[in-house]
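What follows is one structure encoded as C-alpha cells, with my remarks underneath.
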Amino acid sequence: MGTSVAANLVGSLREHGVRRVFGVPSESFTMVMDALLGEPEIEFVAARQEGGAAFMAEAYAAASGEIGVVLGGRAVGASNLAIGVHTARENSTPLLVLVGQVNSRHRGREAFQEAALADFLRPLAKHAVEEADPSRMPETVARALRLAVTGRPGPVVLSLPEDVFAGEVDEPPARPVRIPRPRPSAAEVAACHALLSGAERPLIIAGAGVRLSRAETRLVAFAERWGVPVAAAWRRHDVFPNDHPLYAGHLQHGAHPEVVRTVREADVLLALGTRLGEITSQRYTAIAPSQRIAQVDIEPSMIGKSHPAELGIVADLAEALEALLEAGPPPREPSEWARERRKAYERVSAVPPEEHDDRVDNRQIIRMLREALPDDAVLTNDAGNFSGWLHAFFPFRRPGTYVGAASGAMGYGLPAAVGAKLAQPDRTVVSLSGDGGFLMTVQELETAVRLRLPIVALVFNNNMYGTIRMHQERRYPHRTIGTDLGNPDLVALAASFGAFGALVTADAEFPAVLRDALAQDRPAVIEIRTDPEQISVWRTIAELREGR
C-alpha cells in the first residue's frame with residue numbers, strides 16, 4: 001500500500017536534511033501540517049506573516065548552508081511571501097517555496113483566493129510550476145529540490161492544489177542527488193594565469209559564489225599566492241577576512257571614493273562568483289571598457305551579464321580556486337599598488353575611539369559593536385541609509401558571519417535574525433534596522449519571544465525613510481513628501497512582546513546597554529536615537545541641499 005502525497009512530500013524534505021519549515025498555517029496545507037506533526041526530525045516554525053516567514057527561511061538557509069523551506073497558502077499567503085522569493089533569487093539562496101492552491105475541481109472558476117500562483121511567482125523565482133497530478137508529485141518534488149541547490153542556487157516554487165495531498169503514491173521519498181561541481185579545464189587555468197601574470201594592478205572582486213561553494217579559505221590562499229588585493233561585492237563582506245592585508249574594501253551603495261578608486265585603477269579584474277551588478281559596479285560606472293575582465297561563475301548566464309568578459313570560466317568556485325592553486329605560480333609579494341590600496345581602505349574605514357554624552361555618532365556605535373561581539377557573531381540587517389555605517393566601518397573577520405539581503409528588502413533584519421539564530425543557536429546574532437524597516441516586520445518579535453531566541457535587534461531611529469529622504473533632498477531640496485514618520489515607544493513595544501527593551505540617546509551609553517541586552521535569555525531591542533540631519537555616512541541634509 002502506498003503513502004499519501006503529503007507524507008511523501010514531508011519524507012522527501014527529511015531525506016534532504018530539512019530540519020525546519022517556516023510559514024503561516026493555511027487550510028490549503030492541513031494534510032501537510034498533519035504529516036509534519038508526525039515527523040519528529042522537522043520542526044514547523046509558525047511566523048506572524050508570510051513575508052517574515054520567507055525572510056526567516058531564506059536567512060536560515062544562508063546561515064546553515066542547507067535548503068530553506070517556506071509555506072504559504074493560496075493567493076494571499078503567496079503574495080505576502082513573494083518578497084522572500086525575490087530576496088532568495090538576488091541572494092542565490094536555495095529555497096523551496098510551497099504555495100497552496102485551490103481544489104483542482106474549482107480551478108478556472110475564480111474560486112476563493114484563486115490565482116495563477118506559478119505564473120505570478122515565476123518572474124521572481126529560479127523555477128515555478130503547478131502540479132495537480134498526485135502521481136507526478138514525487139518526481140516534481142525531487143526536481144524542485146534538485147533545482148534549488150544545483151548551479152546557481154535559488155528559489156523554486158511549487159503551487160499545489162489542496163486535493164493533491166490526499167492522493168497515494170508508491171515511490172519512496174526523494175533522496176538528495178550529488179551536486180555537480182564543474183572544474184575548469186587546464187586551458188582555462190592557463191589562460192587565467194596568463195592574464196594575471198601580465199597584469200600590473202590585478203584585483204579580485206569576490207561575491208556570493210565564494211560563500212556558496214564554501215571557498216573562503218581557498219580564496220585567501222589564492223590571493224596570497226598571487227599577492228592580489230580582494231574587494232567584496234555588494235553585501236558579501238564576509239567572503240574574505242576584512243583584517244587581512246590584502247582586503248581592499250566593500251563595494252556598497254555609495255562606497256567611499258578611495259574604495260571605488262581601487263576598482264578603477266585595476267587593469268585586470270578577476271570576478272569570482274559575482275555578476276558585477278549595479279551596486280557592486282557603482283551603477284555601472286566603476287568599470288571601464290578598457291579594463292580586462294576574467295569571470296568565474298557556476299552559472300553560464302552570469303558570464304558577461306553586466307560587463308564583457310575576456311575570459312569566462314563556468315565552474316564551481318571551490319573547484320576553480322583549487323585548480324588555479326595547483327597550477328602555481330610560486331608565491332608572489334603584493335605590489336606597491338596593492339599595499340597602497342590596503343592603506344587607503346584602512347584610512348577610510350578607521351574609527352578613532354571617541355565617546356559622546358550628548359549625541360549618537362553611528363561610527364562609534366559600529367566601533368563599540370565590533371569590540372563587544374565575538375568574531376563568530378552573525379549580523380543581519382535591513383535596507384536603509386543606517387546600514388551604510390555597518391557596511392563602511394564594521395570589519396568582518398570570519399566567513400559565515402553576515403546574512404544580508406542583496407535585494408535591498410526592508411523588513412529583512414529582524415526575521416533574518418530569527419532564521420540565523422535557529423541555524424546557529426550557539427552563536428551571538430544581532431540584527432540592525434532602521435525604524436522604517438523594523439516596523440515593517442516587528443510582529444516577528446513575537447515569534448522570537450515564543451521560540452525563546454536571545455537575539456539582539458538594534459533599531460536606528462531617525463523618524464524617517466532616510467534613503468528616500470536623501471534622494472528627495474538631492475533632487476528637490478526642501479521638497480519632501482511621505483518620508484517623515486512617527487513611531488511608537490519602541491522600548492515599551494518590546495516589553496509588550498515580552499522582550500527586553502532599552503533606549504540609547506548618546507553613544508557613550510551604548511556599551512553598557514549592549515552588555516545588558518547580550519546577557520538576556522530572551523530577545524532584546526535597543527532603540528538608538530540618531531540625528532536626522534546626518535542623512536548618510538558621508539552627507540548631511542544641509543550638504544545635500546547645497547549640492548555637495
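Labels used: A, B, ... for chains in the order of the C-alpha cells, numbers from 1 for residues in each chain, and numbers from 1 for ligands as shown.
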request  = Would you kindly return, as a VMD selection string, each protein, DNA or RNA residue with an atom no farther than 9 Å from any atom of stretch 48-54 of chain A, considering only C-alpha atoms and excluding same-chain residues fewer than 6 positions away?
outcome  = chain A and resid 22 to 24 68 to 73 77 to 85 87 to 88 95 97 411 to 412 414 to 416 419 441 443 to 444 446 to 447
Saved selection, atoms kept: C-alpha atoms, as a PDB file, in the first residue's frame:
ATOM      1  CA  PHE A  22       8.704  28.166   8.076  1.00  0.00           C
ATOM      2  CA  GLY A  23       5.291  29.548   7.334  1.00  0.00           C
ATOM      3  CA  VAL A  24       1.823  30.605   8.383  1.00  0.00           C
ATOM      4  CA  GLY A  68      15.264  26.636   3.241  1.00  0.00           C
ATOM      5  CA  VAL A  69      11.566  25.792   3.059  1.00  0.00           C
ATOM      6  CA  VAL A  70       8.666  28.232   3.354  1.00  0.00           C
ATOM      7  CA  LEU A  71       4.961  27.509   3.184  1.00  0.00           C
ATOM      8  CA  GLY A  72       2.163  29.915   2.280  1.00  0.00           C
ATOM      9  CA  GLY A  73      -1.477  29.392   1.419  1.00  0.00           C
ATOM     10  CA  GLY A  77      -0.091  33.873   1.521  1.00  0.00           C
ATOM     11  CA  ALA A  78       1.766  33.588  -1.769  1.00  0.00           C
ATOM     12  CA  SER A  79       1.542  37.342  -2.318  1.00  0.00           C
ATOM     13  CA  ASN A  80       2.903  38.026   1.133  1.00  0.00           C
ATOM     14  CA  LEU A  81       5.881  35.699   0.762  1.00  0.00           C
ATOM     15  CA  ALA A  82       6.801  36.973  -2.716  1.00  0.00           C
ATOM     16  CA  ILE A  83       9.308  39.393  -1.183  1.00  0.00           C
ATOM     17  CA  GLY A  84      11.243  36.433   0.214  1.00  0.00           C
ATOM     18  CA  VAL A  85      11.257  34.726  -3.184  1.00  0.00           C
ATOM     19  CA  THR A  87      15.340  38.054  -1.905  1.00  0.00           C
ATOM     20  CA  ALA A  88      16.360  34.412  -2.318  1.00  0.00           C
ATOM     21  CA  LEU A  95      14.731  27.919  -1.110  1.00  0.00           C
ATOM     22  CA  VAL A  97       8.573  27.686  -1.773  1.00  0.00           C
ATOM     23  CA  GLY A 411      11.920  44.421   6.969  1.00  0.00           C
ATOM     24  CA  TYR A 412      14.552  41.721   6.482  1.00  0.00           C
ATOM     25  CA  LEU A 414      14.592  41.006  12.420  1.00  0.00           C
ATOM     26  CA  PRO A 415      13.096  37.869  10.797  1.00  0.00           C
ATOM     27  CA  ALA A 416      16.515  37.104   9.278  1.00  0.00           C
ATOM     28  CA  GLY A 419      16.298  32.334  10.961  1.00  0.00           C
ATOM     29  CA  THR A 441       8.122  43.142  10.357  1.00  0.00           C
ATOM     30  CA  GLN A 443       5.365  41.324  14.582  1.00  0.00           C
ATOM     31  CA  GLU A 444       8.077  38.682  14.215  1.00  0.00           C
ATOM     32  CA  GLU A 446       6.602  37.671  18.988  1.00  0.00           C
ATOM     33  CA  THR A 447       7.969  34.710  17.031  1.00  0.00           C
TER      34      THR A 447
END
task = For A:Asp435, work out the shell of residues within 10 Å, counting only C-alpha atoms and skipping chain neighbours fewer than 6 positions away, then give it as a PyMOL selection string.
result = chain A and resi 382+384+386+411+442+458-466+485-488+490+527-529
request  = Identify which of the residues A:Ala59, A:Val10, A:Val260, A:Val239 lies closest to A:Ser431, counting only C-alpha atoms when measuring atom-to-atom distances.
outcome  = A:Ala59
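When only C-alpha atoms are used to measure the gap to A:Ala148, the shortest distance among A:Glu58, A:Glu336, A:Glu130, A:Asp163 belongs to A:Glu58.
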query = So which residues touch A:Ala128 within 7 Å, counting only C-alpha atoms, skipping near sequence neighbours fewer than 2 positions away, as a list in words?
reply = Ala118, Leu121, Arg122, Ala125, Val156, Val157 and Leu158 of chain A
inquiry  = Could you tell me how far atom CA of A:Leu439 sits from atom CA of A:Leu98, in Å to one decimal place?
reply    =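 Straight-line distance from atom CA of A:Leu98 to atom CA of A:Leu439 works out to 26.4 Å.
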request  = Please return as a PyMOL selection string: the residues of stretch 9-67 of chain A that backbone DSSP assigns to helix (DSSP H, G or I).
outcome  = chain A and resi 9-15+27-37+50-64
If you keep C-alpha atoms, can you produce a file of those selected residues as a PDB file, in the first residue's frame?
ATOM      1  CA  LEU A   9       6.490  15.275   0.487  1.00  0.00           C
ATOM      2  CA  VAL A  10       7.445  15.508   4.155  1.00  0.00           C
ATOM      3  CA  GLY A  11       9.606  12.401   3.817  1.00  0.00           C
ATOM      4  CA  SER A  12      11.434  13.980   0.877  1.00  0.00           C
ATOM      5  CA  LEU A  13      12.141  17.074   2.973  1.00  0.00           C
ATOM      6  CA  ARG A  14      13.522  14.872   5.743  1.00  0.00           C
ATOM      7  CA  GLU A  15      15.742  12.942   3.306  1.00  0.00           C
ATOM      8  CA  GLU A  27      -6.259  25.439   5.174  1.00  0.00           C
ATOM      9  CA  SER A  28      -4.598  24.512   1.889  1.00  0.00           C
ATOM     10  CA  PHE A  29      -1.914  22.596   3.776  1.00  0.00           C
ATOM     11  CA  THR A  30      -3.810  20.812   6.564  1.00  0.00           C
ATOM     12  CA  MET A  31      -2.656  17.374   5.388  1.00  0.00           C
ATOM     13  CA  VAL A  32       0.946  18.540   5.089  1.00  0.00           C
ATOM     14  CA  MET A  33       0.785  20.129   8.524  1.00  0.00           C
ATOM     15  CA  ASP A  34      -0.510  16.852   9.956  1.00  0.00           C
ATOM     16  CA  ALA A  35       2.314  14.957   8.253  1.00  0.00           C
ATOM     17  CA  LEU A  36       4.811  17.418   9.701  1.00  0.00           C
ATOM     18  CA  LEU A  37       3.367  16.799  13.145  1.00  0.00           C
ATOM     19  CA  GLU A  50       4.296  35.016   5.303  1.00  0.00           C
ATOM     20  CA  GLY A  51       6.804  37.706   4.307  1.00  0.00           C
ATOM     21  CA  GLY A  52       8.507  37.310   7.670  1.00  0.00           C
ATOM     22  CA  ALA A  53       8.418  33.523   7.295  1.00  0.00           C
ATOM     23  CA  ALA A  54      10.067  33.737   3.873  1.00  0.00           C
ATOM     24  CA  PHE A  55      12.805  36.013   5.236  1.00  0.00           C
ATOM     25  CA  MET A  56      13.371  33.544   8.095  1.00  0.00           C
ATOM     26  CA  ALA A  57      13.611  30.585   5.733  1.00  0.00           C
ATOM     27  CA  GLU A  58      15.997  32.425   3.397  1.00  0.00           C
ATOM     28  CA  ALA A  59      18.258  33.532   6.253  1.00  0.00           C
ATOM     29  CA  TYR A  60      18.120  30.076   7.826  1.00  0.00           C
ATOM     30  CA  ALA A  61      19.355  28.589   4.556  1.00  0.00           C
ATOM     31  CA  ALA A  62      22.079  31.223   4.203  1.00  0.00           C
ATOM     32  CA  ALA A  63      23.317  30.729   7.767  1.00  0.00           C
ATOM     33  CA  SER A  64      23.109  26.919   7.801  1.00  0.00           C
TER      34      SER A  64
END
request  = Rank nothing, just name the residue among A:Val403, A:Leu324, A:Ile303, A:Ala223 nearest to A:Gln424, using only C-alpha atoms.
outcome  =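 Ranked by minimum distance to A:Gln424, first place goes to A:Val403.
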